>>> print(open('run.cif').read())   # mmCIF, C-alpha atoms
data_coords
#
loop_
_atom_site.label_atom_id
_atom_site.label_comp_id
_atom_site.auth_asym_id
_atom_site.auth_seq_id
_atom_site.Cartn_x
_atom_site.Cartn_y
_atom_site.Cartn_z
CA MET U 636 72.07 122.00 -104.20
CA VAL U 637 70.51 119.58 -101.75
CA PHE U 638 68.59 122.25 -99.87
CA ASN U 639 67.34 124.24 -102.85
CA GLY U 640 64.01 122.41 -102.69
CA VAL U 641 62.93 124.08 -99.43
CA ASN U 642 61.39 127.12 -101.09
CA SER U 643 59.66 125.06 -103.77
CA PHE U 644 58.30 122.71 -101.16
CA SER U 645 56.96 125.65 -99.17
CA ARG U 646 54.97 126.66 -102.23
CA VAL U 647 53.65 123.10 -102.53
CA ALA U 648 52.63 123.16 -98.86
CA GLY U 649 50.79 126.43 -99.44
CA ARG U 650 48.92 124.95 -102.37
CA LEU U 651 48.09 121.89 -100.31
CA THR U 652 46.67 124.10 -97.56
CA MET U 653 44.53 125.96 -100.09
CA ALA U 654 43.26 122.68 -101.56
CA PHE U 655 42.49 121.45 -98.06
CA GLY U 656 40.45 124.57 -97.35
CA ILE U 657 38.48 124.21 -100.59
CA ALA U 658 37.80 120.53 -99.94
CA LEU U 659 36.76 121.26 -96.36
CA ALA U 660 34.35 123.96 -97.51
CA ALA U 661 32.88 121.62 -100.12
CA MET U 662 32.54 118.92 -97.48
CA CYS U 663 30.63 121.25 -95.17
CA LEU U 664 28.34 122.34 -98.01
CA SER U 665 27.69 118.73 -98.94
CA ILE U 666 25.98 118.05 -95.59
CA THR U 667 22.27 118.01 -96.43
CA PRO U 668 19.53 117.56 -93.86
CA VAL U 669 17.63 114.31 -93.88
CA SER U 670 14.04 114.91 -94.88
CA ALA U 671 11.30 113.51 -92.71
CA GLN U 672 9.44 110.56 -94.11
CA ASP U 673 5.77 111.24 -94.69
CA ASP U 674 4.86 107.76 -95.69
CA ALA U 675 3.89 105.79 -92.60
CA ALA U 676 4.72 102.54 -94.34
CA GLU U 677 8.37 103.66 -94.58
CA PHE U 678 8.89 103.41 -90.82
CA GLY U 679 5.87 101.50 -89.55
CA ASP U 680 4.38 98.11 -90.25
CA PRO U 681 2.24 98.20 -93.40
CA ALA U 682 -1.40 97.34 -93.03
CA PRO U 683 -2.23 93.77 -93.99
CA ALA U 684 -3.86 93.37 -97.35
CA ALA U 685 -7.49 92.34 -97.59
CA GLY U 686 -7.92 88.62 -97.25
CA ALA U 687 -4.41 88.03 -96.05
CA ALA U 688 -3.69 86.24 -92.80
CA PRO U 689 -2.43 88.60 -90.06
CA ASP U 690 0.43 86.28 -89.12
CA GLN U 691 1.57 85.70 -92.70
CA PRO U 692 5.42 85.99 -92.87
CA ALA U 693 6.99 88.62 -95.07
CA ALA U 694 8.19 87.64 -98.49
CA GLN U 695 11.76 86.39 -98.58
CA PRO U 696 14.29 88.38 -100.65
CA ALA U 697 14.86 87.11 -104.12
CA ALA U 698 17.79 84.77 -104.47
CA ASP U 699 20.43 85.30 -107.06
CA ALA U 700 21.72 82.69 -109.48
CA GLY U 701 23.91 81.14 -106.81
CA GLY U 702 21.03 80.69 -104.41
CA ALA U 703 22.15 83.42 -101.95
CA PRO U 704 19.82 86.33 -101.20
CA ALA U 705 20.53 89.59 -102.98
CA SER U 706 21.00 91.48 -99.70
CA ALA U 707 23.80 89.10 -98.68
CA LYS U 708 26.17 90.25 -101.40
CA GLN U 709 29.33 91.48 -99.75
CA GLN U 710 30.89 94.83 -100.59
CA SER U 711 34.64 95.13 -100.90
CA LEU U 712 36.42 96.81 -98.01
CA LEU U 713 38.04 99.42 -100.27
CA SER U 714 34.77 100.54 -101.84
CA TRP U 715 33.07 100.51 -98.45
CA THR U 716 35.83 102.66 -96.99
CA ALA U 717 35.68 105.14 -99.87
CA GLU U 718 31.89 105.30 -99.70
CA SER U 719 31.92 105.78 -95.93
CA LEU U 720 34.58 108.49 -96.05
CA GLY U 721 33.08 110.46 -98.90
CA TRP U 722 35.09 112.09 -101.67
CA PRO U 723 36.17 115.18 -99.67
CA TYR U 724 37.86 113.05 -97.01
CA VAL U 725 39.30 110.71 -99.64
CA VAL U 726 40.91 113.63 -101.47
CA ILE U 727 42.26 115.17 -98.25
CA PHE U 728 43.75 111.95 -96.87
CA LEU U 729 45.22 110.96 -100.23
CA ALA U 730 46.87 114.39 -100.52
CA LEU U 731 48.27 114.10 -97.01
CA SER U 732 49.51 110.55 -97.67
CA PHE U 733 51.32 111.39 -100.92
CA THR U 734 52.80 114.51 -99.34
CA LEU U 735 54.00 112.48 -96.37
CA VAL U 736 55.69 109.91 -98.60
CA SER U 737 57.39 112.64 -100.62
CA LEU U 738 58.58 114.37 -97.46
CA PHE U 739 59.88 111.13 -96.00
CA VAL U 740 61.94 110.37 -99.12
CA MET U 741 63.33 113.93 -99.30
CA ASN U 742 64.26 114.02 -95.63
CA LEU U 743 65.72 110.53 -95.76
CA LEU U 744 68.00 111.54 -98.63
CA ALA U 745 68.96 114.76 -96.83
CA ALA U 746 69.73 112.91 -93.59
CA ARG U 747 72.33 110.62 -95.10
CA ARG U 748 75.91 110.76 -93.91
CA GLU U 749 77.06 111.27 -97.51
CA THR U 750 74.93 114.42 -97.67
CA LEU U 751 75.89 115.94 -94.34
CA LEU U 752 79.30 114.49 -93.47
CA PRO U 753 81.04 112.79 -96.42
CA GLN U 754 84.15 110.90 -95.41
CA GLU U 755 85.83 111.69 -98.74
CA LEU U 756 85.73 115.40 -97.94
CA VAL U 757 87.19 114.83 -94.48
CA ASP U 758 90.10 112.81 -95.87
CA GLY U 759 90.76 115.15 -98.78
CA PHE U 760 90.55 118.31 -96.67
CA GLU U 761 92.89 116.91 -94.03
CA GLU U 762 95.33 115.82 -96.71
CA LYS U 763 95.41 119.33 -98.20
CA LEU U 764 96.02 120.85 -94.78
CA ASN U 765 98.85 118.45 -94.08
CA GLU U 766 100.47 119.48 -97.36
CA LYS U 767 100.02 123.19 -96.49
CA GLN U 768 97.80 123.62 -99.54
CA PHE U 769 95.32 125.93 -97.88
CA GLN U 770 93.87 127.43 -101.05
CA GLU U 771 93.28 123.98 -102.49
CA ALA U 772 91.62 122.94 -99.22
CA TYR U 773 89.31 125.96 -99.42
CA ASP U 774 88.43 125.18 -103.05
CA LEU U 775 87.74 121.56 -102.15
CA ALA U 776 85.40 122.52 -99.31
CA ARG U 777 83.65 125.21 -101.33
CA ALA U 778 83.01 122.87 -104.26
CA ASP U 779 81.42 120.27 -101.98
CA GLU U 780 77.65 120.67 -101.48
CA SER U 781 77.50 118.93 -98.11
CA VAL U 782 76.90 120.72 -94.83
CA LEU U 783 80.47 120.01 -93.74
CA GLY U 784 81.82 121.56 -96.94
CA GLN U 785 79.81 124.74 -96.40
CA VAL U 786 80.90 124.97 -92.77
CA LEU U 787 84.60 124.49 -93.59
CA SER U 788 84.54 126.95 -96.47
CA ALA U 789 82.85 129.55 -94.27
CA GLY U 790 85.52 129.08 -91.60
CA LEU U 791 88.43 129.36 -94.03
CA ALA U 792 86.86 132.43 -95.65
CA LYS U 793 86.96 134.30 -92.32
CA LEU U 794 90.25 132.90 -91.11
CA SER U 795 92.05 136.06 -92.18
CA LYS U 796 90.13 137.92 -89.45
CA GLY U 797 91.23 135.50 -86.76
CA TYR U 798 90.47 132.04 -85.46
CA ASN U 799 87.54 133.21 -83.33
CA LYS U 800 85.92 134.90 -86.33
CA ALA U 801 86.37 131.69 -88.28
CA LEU U 802 84.58 129.73 -85.57
CA GLU U 803 81.74 132.26 -85.54
CA GLY U 804 81.34 131.95 -89.29
CA MET U 805 81.25 128.15 -89.03
CA GLN U 806 78.62 128.31 -86.30
CA GLU U 807 76.44 130.67 -88.30
CA VAL U 808 76.47 128.42 -91.36
CA GLY U 809 75.87 125.34 -89.22
CA GLU U 810 72.85 126.93 -87.54
CA GLU U 811 71.46 128.03 -90.90
CA GLU U 812 71.73 124.54 -92.38
CA SER U 813 70.24 123.04 -89.22
CA MET U 814 67.28 125.41 -89.51
CA LYS U 815 66.72 124.34 -93.14
CA LEU U 816 66.66 120.68 -92.18
CA GLU U 817 64.35 121.29 -89.23
CA HIS U 818 62.07 123.39 -91.42
CA ARG U 819 61.57 120.54 -93.85
CA LEU U 820 61.13 118.00 -91.08
CA SER U 821 58.47 120.16 -89.45
CA TYR U 822 56.09 119.49 -92.34
CA MET U 823 56.03 115.82 -91.36
CA ALA U 824 55.14 116.81 -87.79
CA LEU U 825 52.43 119.08 -89.19
CA ILE U 826 50.85 116.19 -91.08
CA GLY U 827 51.11 113.99 -88.00
CA ASN U 828 49.26 116.58 -85.91
CA LEU U 829 46.74 117.56 -88.58
CA SER U 830 45.53 114.09 -89.62
CA PRO U 831 43.92 113.14 -86.26
CA MET U 832 42.19 116.52 -86.16
CA ILE U 833 40.67 115.86 -89.58
CA GLY U 834 39.63 112.41 -88.39
CA LEU U 835 38.04 113.93 -85.30
CA PHE U 836 36.19 116.40 -87.50
CA GLY U 837 34.81 113.48 -89.52
CA THR U 838 33.85 111.68 -86.31
CA VAL U 839 31.80 114.63 -85.12
CA GLN U 840 30.22 115.03 -88.54
CA GLY U 841 29.29 111.34 -88.74
CA MET U 842 27.73 111.31 -85.27
CA ILE U 843 25.74 114.45 -86.05
CA SER U 844 24.47 112.77 -89.20
CA SER U 845 23.41 109.67 -87.25
CA PHE U 846 21.61 111.70 -84.58
CA GLN U 847 19.93 113.69 -87.32
CA VAL U 848 18.53 110.45 -88.72
CA ILE U 849 17.22 109.53 -85.28
CA ALA U 850 15.68 112.96 -84.79
CA LEU U 851 13.93 113.07 -88.14
CA GLY U 852 13.28 109.38 -88.63
CA GLY U 853 10.50 108.89 -86.16
CA ALA U 854 10.23 105.96 -83.79
CA THR U 855 11.95 103.41 -85.99
CA PRO U 856 14.76 104.93 -88.11
CA LYS U 857 16.45 102.82 -90.72
CA PRO U 858 19.54 101.00 -89.42
CA ALA U 859 21.26 101.55 -92.78
CA ASP U 860 20.92 105.31 -92.43
CA LEU U 861 22.34 105.15 -88.90
CA ALA U 862 25.19 102.92 -90.05
CA ALA U 863 26.19 105.41 -92.76
CA GLY U 864 26.94 108.17 -90.25
CA ILE U 865 28.64 105.81 -87.81
CA SER U 866 30.82 104.42 -90.62
CA THR U 867 31.91 107.93 -91.54
CA ALA U 868 32.76 108.64 -87.92
CA LEU U 869 34.83 105.50 -87.48
CA PHE U 870 36.59 105.44 -90.84
CA THR U 871 37.72 109.07 -90.68
CA THR U 872 39.22 108.43 -87.25
CA LEU U 873 40.88 105.24 -88.47
CA VAL U 874 42.40 106.77 -91.58
CA GLY U 875 43.49 109.88 -89.69
CA LEU U 876 45.37 107.77 -87.15
CA ALA U 877 46.80 105.58 -89.93
CA VAL U 878 48.36 108.67 -91.50
CA ALA U 879 49.42 110.32 -88.23
CA ILE U 880 51.18 107.36 -86.59
CA PRO U 881 53.85 106.78 -89.29
CA ALA U 882 54.23 110.54 -89.79
CA ILE U 883 55.06 111.19 -86.13
CA ALA U 884 57.29 108.11 -85.91
CA ALA U 885 59.24 109.02 -89.05
CA TYR U 886 59.58 112.64 -87.91
CA ASN U 887 61.12 111.71 -84.57
CA ILE U 888 63.46 109.12 -86.07
CA LEU U 889 64.73 111.45 -88.78
CA ARG U 890 65.01 114.40 -86.40
CA ASN U 891 67.19 112.39 -84.02
CA ARG U 892 69.36 111.23 -86.90
CA VAL U 893 69.77 114.77 -88.26
CA THR U 894 70.63 116.10 -84.80
CA ARG U 895 73.29 113.44 -84.31
CA LEU U 896 74.85 114.00 -87.73
CA LEU U 897 74.88 117.78 -87.29
CA LEU U 898 76.64 117.32 -83.97
CA GLU U 899 79.26 115.20 -85.73
CA VAL U 900 79.62 117.91 -88.37
CA GLY U 901 80.35 120.48 -85.66
CA VAL U 902 82.88 118.29 -83.89
CA THR U 903 84.63 117.27 -87.12
CA SER U 904 84.83 120.81 -88.48
CA GLU U 905 86.30 122.15 -85.23
CA ASN U 906 88.85 119.35 -85.16
CA LEU U 907 89.93 120.10 -88.72
CA MET U 908 90.19 123.83 -88.04
CA SER U 909 91.92 123.42 -84.69
CA ARG U 910 95.36 123.57 -86.32
CA PHE U 911 94.66 127.24 -87.07
CA GLU U 912 94.06 127.99 -83.42
CA ASP U 913 97.36 129.83 -83.07
CA PHE U 914 96.84 131.72 -86.31
CA GLN U 915 97.16 135.48 -85.87
CA PRO U 916 95.63 137.83 -88.42
CA GLN U 917 98.07 140.15 -90.15
CA VAL U 918 97.66 143.79 -89.20
CA THR U 919 98.06 146.16 -92.10
CA LYS U 920 100.31 149.13 -91.27
CA LYS U 921 99.15 152.52 -92.40
#
>>> encode(input="run.cif", output="structure tokens")
Amino acid sequence: MVFNGVNSFSRVAGRLTMAFGIALAAMCLSITPVSAQDDAAEFGDPAPAAGAAPDQPAAQPAADAGGAPASAKQQSLLSWTAESLGWPYVVIFLALSFTLVSLFVMNLLAARRETLLPQELVDGFEEKLNEKQFQEAYDLARADESVLGQVLSAGLAKLSKGYNKALEGMQEVGEEESMKLEHRLSYMALIGNLSPMIGLFGTVQGMISSFQVIALGGATPKPADLAAGISTALFTTLVGLAVAIPAIAAYNILRNRVTRLLLEVGVTSENLMSRFEDFQPQVTKK
């Protein structure tokens, strides 16, 4: 059935939450304090060697085979991003991204008109009713796995108790299927809300790391050490927003589509069952 994957996906979400907690704990444990530098030459100007001129310029970095200095070698953006994020954030954001893509595909398939409101079922069910083949119409609706089929079969099953009871049964099934669809869509909203929070956590962590370098680095801390913490702060925010923006957009688009299709299911099912409005249940005489 189309909606049988809800329980299995809930288990996957639980495992993802557990993995997120383990990765977050490992990330917190991986924060190590920056040790103070005891060597004065690490942060200060080294003393000039004996016999050397005080204004002698520093030695130029060695050039590579192409004539460019070794420090000018550019690092790829992907490796720089992964290095700045750190493996805990890389694992977390990759897990969220793959989960988001899987959710989007599942919800997109579930939000199709063929899944919720197939036109073939509408035509076949109406044809059976016109031919007074009520049992065949019930079998046709029951065999169909769409939401409309479940709603119509529930209404026909309770028709013997009266038209109002049939409508109540249809509404109950419709609300249940709507809750299943909303439940699955809510995971996309969860990812959209969680990703910026993870990015904000990385921002705070990166800024703390940079201020720690300033606090323990003396008067002249290394710019590279400062840049490492700032890169972590910026890249975690960037990746968090990059995951959250499509997640929230896809959630709202799919939710509006599901709401519209479910409304059409309700209207169509009531129109098909309206010919039983004057149906009176048979009272059994004792």
>>> atom_distance(input="run.cif", atom1="atom CA of Ser781 of chain U", atom2="atom CA of Leu889 of chain U")
17.5 Å
>>> atom_distance(input="run.cif", atom1="atom CA of Leu791 of chain U", atom2="atom CA of Tyr773 of chain U")
6.4 Å
>>> atom_distance(input="run.cif", atom1="atom CA of Glu905 of chain U", atom2="atom CA of Asn799 of chain U")
11.3 Å
>>> resolve_selection(input="run.cif", expression="the PyMOL selection byres ((chain U and resi 742) around 10)", output="VMD selection string")
chain U and resid 736 to 741 743 to 747 816 to 817 819 to 820 823 885 to 886 889 to 890 893
>>> residues_around(input="run.cif", residues="segment 895-901 of chain U", least_positions_apart="6", cutoff="7 Å", atoms="only C-alpha atoms", output="ChimeraX atom specification")
/U:751-752,783
>>> closest_residue(input="run.cif", among="U:Pro881, U:Ala863, U:Pro856, U:Ser904", to="Ala776 of chain U", atoms="all atoms listed in the file")
U:Ser904
>>> closest_residue(input="run.cif", among="U:Val902, U:Met842, U:Ile849, U:Val808", to="Thr871 of chain U", atoms="all atoms listed in the file")
U:Met842
>>> resolve_selection(input="run.cif", expression="the PyMOL selection byres ((chain U and resi 717) around 12)", output="PyMOL selection string")
chain U and resi 710-716+718-726+728-729+863+866-867+870-871+874
